[in-house]
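J.: Starting off with a structure, shown below.
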Amino acid sequence: MNLKRRLFWFAVFGISFGYIESAVVVYLREIYYPDGFSFPLAPIAEDILRTETLREAATLALLWSAAALSYVRLQSRIAAFFILFGIWDIFYYVFLKLLLDWPASMQTWDILFLIPLPWVGPVWAPVAVSLGLIILSTALLIENEKGRYATYSPVSLLCGAAGAGLIIASFILPALPVLKAQAPGTFPILLFLSGYILGVFAYLYALKSARSSAHSLHKNGVA
């Protein structure tokens with residue numbers, strides 16, 4: 001299967017799963033937020049919270065399974081996972097807007113994730129992450145399709161890990177008051193942007209290394 005066809009089915013999978021996710025949230029909000037979702041969060045029974053947390057873990061496993069079935073090489077699988085994740089996340093908000101007319105704007109705060117602690121942030125932040133993952137991961141898969149694979153230096157790996165850590169921290173830190181049944185704190189935008197820039201740098205390094213290695217092989221008559 002060529003890349004265009006794979007990307008088409010990634011889109012079908014991600015959009016469909018985005019609807020399923022939004023449908024679950026419609027049911028939860030009908031039960032816990034009949035007058036509209038807002039912070040502080042309504043109390044949720046422990047067994048329901050555990051079920052919801054496990055559902056999120058199952059979501060990640062399902063996305064990874066689709067990526068693993070699509071590619072053999074780990075690099076390509078990770079890129080495919082990020083594309084699926086990004087499409088799913090964006091269309092989750094698209095369908096919530098269509099079904100509930102929510103969020104009111106991209107500045108609206110949302111509970112993003114529950115593992116290992118609650119993550120919160122304005123809607124624009126996860127959407128920005130998802131767009132970046134889709135664009136850069138697609139670019140990497142284009143290189144992989146041509147037989148060009150990225151190599152990673154310790155610096156690029158460190159930048160990628162640090163970038164992911166800073167972005168996650170920017171979502172968890174304002175969520176700490178939520179654990180005390182309070183509204184979230186101020187979103188640490190500088191922390192988020194620092195992580196985003198580091199993550200983009202790590203991805204661009206991977207793309208550059210893939211193209212450089214292919215050029216080197218061609219120059220030496222190997223390819």
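By convention here, the chains of the structure tokens are called A, B, ... in the order presented, each chain's residues are numbered starting at 1, and ligands are numbered starting at 1 in the order presented.
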Could you please write out, as number ranges by chain, every residue of chain A that DSSP assigns to strand (DSSP E)?

T.: A: 109-113, 119-122

J.: Hey, can you spit out that residue selection with N, CA and C atoms as a JSON list (two decimals), in the first residue's frame?

T.:
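Below you can see selection26.json, which holds the result:
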```json
[["chain", "number", "residue", "atom", "x", "y", "z"],
["A", 109, "TRP", "N", -10.97, 26.34, 28.23],
["A", 109, "TRP", "CA", -10.19, 25.33, 28.94],
["A", 109, "TRP", "C", -10.89, 23.98, 28.89],
["A", 110, "ASP", "N", -10.06, 22.93, 28.83],
["A", 110, "ASP", "CA", -10.60, 21.58, 28.78],
["A", 110, "ASP", "C", -9.74, 20.66, 29.63],
["A", 111, "ILE", "N", -10.34, 19.58, 30.10],
["A", 111, "ILE", "CA", -9.59, 18.50, 30.72],
["A", 111, "ILE", "C", -9.11, 17.60, 29.59],
["A", 112, "LEU", "N", -7.80, 17.47, 29.43],
["A", 112, "LEU", "CA", -7.23, 16.84, 28.25],
["A", 112, "LEU", "C", -6.95, 15.35, 28.43],
["A", 113, "PHE", "N", -6.53, 14.98, 29.62],
["A", 113, "PHE", "CA", -6.06, 13.61, 29.82],
["A", 113, "PHE", "C", -6.06, 13.34, 31.32],
["A", 119, "TRP", "N", -4.58, 16.46, 33.04],
["A", 119, "TRP", "CA", -3.95, 17.47, 32.19],
["A", 119, "TRP", "C", -5.04, 18.47, 31.81],
["A", 120, "VAL", "N", -4.74, 19.76, 31.88],
["A", 120, "VAL", "CA", -5.71, 20.76, 31.44],
["A", 120, "VAL", "C", -4.99, 21.81, 30.59],
["A", 121, "GLY", "N", -5.77, 22.52, 29.80],
["A", 121, "GLY", "CA", -5.19, 23.59, 28.99],
["A", 121, "GLY", "C", -6.24, 24.17, 28.07],
["A", 122, "PRO", "N", -5.97, 25.33, 27.50],
["A", 122, "PRO", "CA", -6.87, 25.89, 26.49],
["A", 122, "PRO", "C", -6.86, 25.00, 25.25]]
```

J.: Env of A:Tyr32: 10 Å cut, atoms = only C-alpha atoms, seq-sep filter 5 positions within chain, self excluded. Answer as a list in words.

T.: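 Listing them by chain and then by number gives Tyr27, Phe37, Leu41, Ala42, Pro43 and Ile44 of chain A.
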
J.: Output C-alpha atoms of each residue in that selection to a file, as a short mmCIF file (atom, residue, chain, number, x, y, z; two decimals), in the first residue's frame.

T.:
```cif
data_model
loop_
_atom_site.label_atom_id
_atom_site.label_comp_id
_atom_site.auth_asym_id
_atom_site.auth_seq_id
_atom_site.Cartn_x
_atom_site.Cartn_y
_atom_site.Cartn_z
CA TYR A 27 -22.82 11.02 27.45
CA PHE A 37 -19.16 21.81 31.20
CA LEU A 41 -15.02 19.67 37.93
CA ALA A 42 -18.09 17.91 39.23
CA PRO A 43 -17.33 15.02 41.63
CA ILE A 44 -17.09 11.70 39.78
#
```

J.: Write out as a PDB file with C-alpha atoms, in the first residue's frame which residues come within 9 Å of A:Thr53 when counting only C-alpha atoms, dropping same-chain ones fewer than 6 positions away.

T.:
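What follows is the written file selection_31.pdb:
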```
ATOM      1  CA  PHE A 113      -6.063  13.607  29.824  1.00  0.00           C
ATOM      2  CA  LEU A 114      -6.048  11.714  33.114  1.00  0.00           C
ATOM      3  CA  ILE A 115      -2.822   9.664  32.988  1.00  0.00           C
ATOM      4  CA  PRO A 116      -0.976   9.785  35.374  1.00  0.00           C
TER       5      PRO A 116
END
```

J.: So how many Å separate atom CA of A:Leu7 and atom CA of A:Ile134, to one decimal?

T.: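 Computing the Euclidean distance for atom CA of A:Leu7 and atom CA of A:Ile134 yields 10.3 Å.
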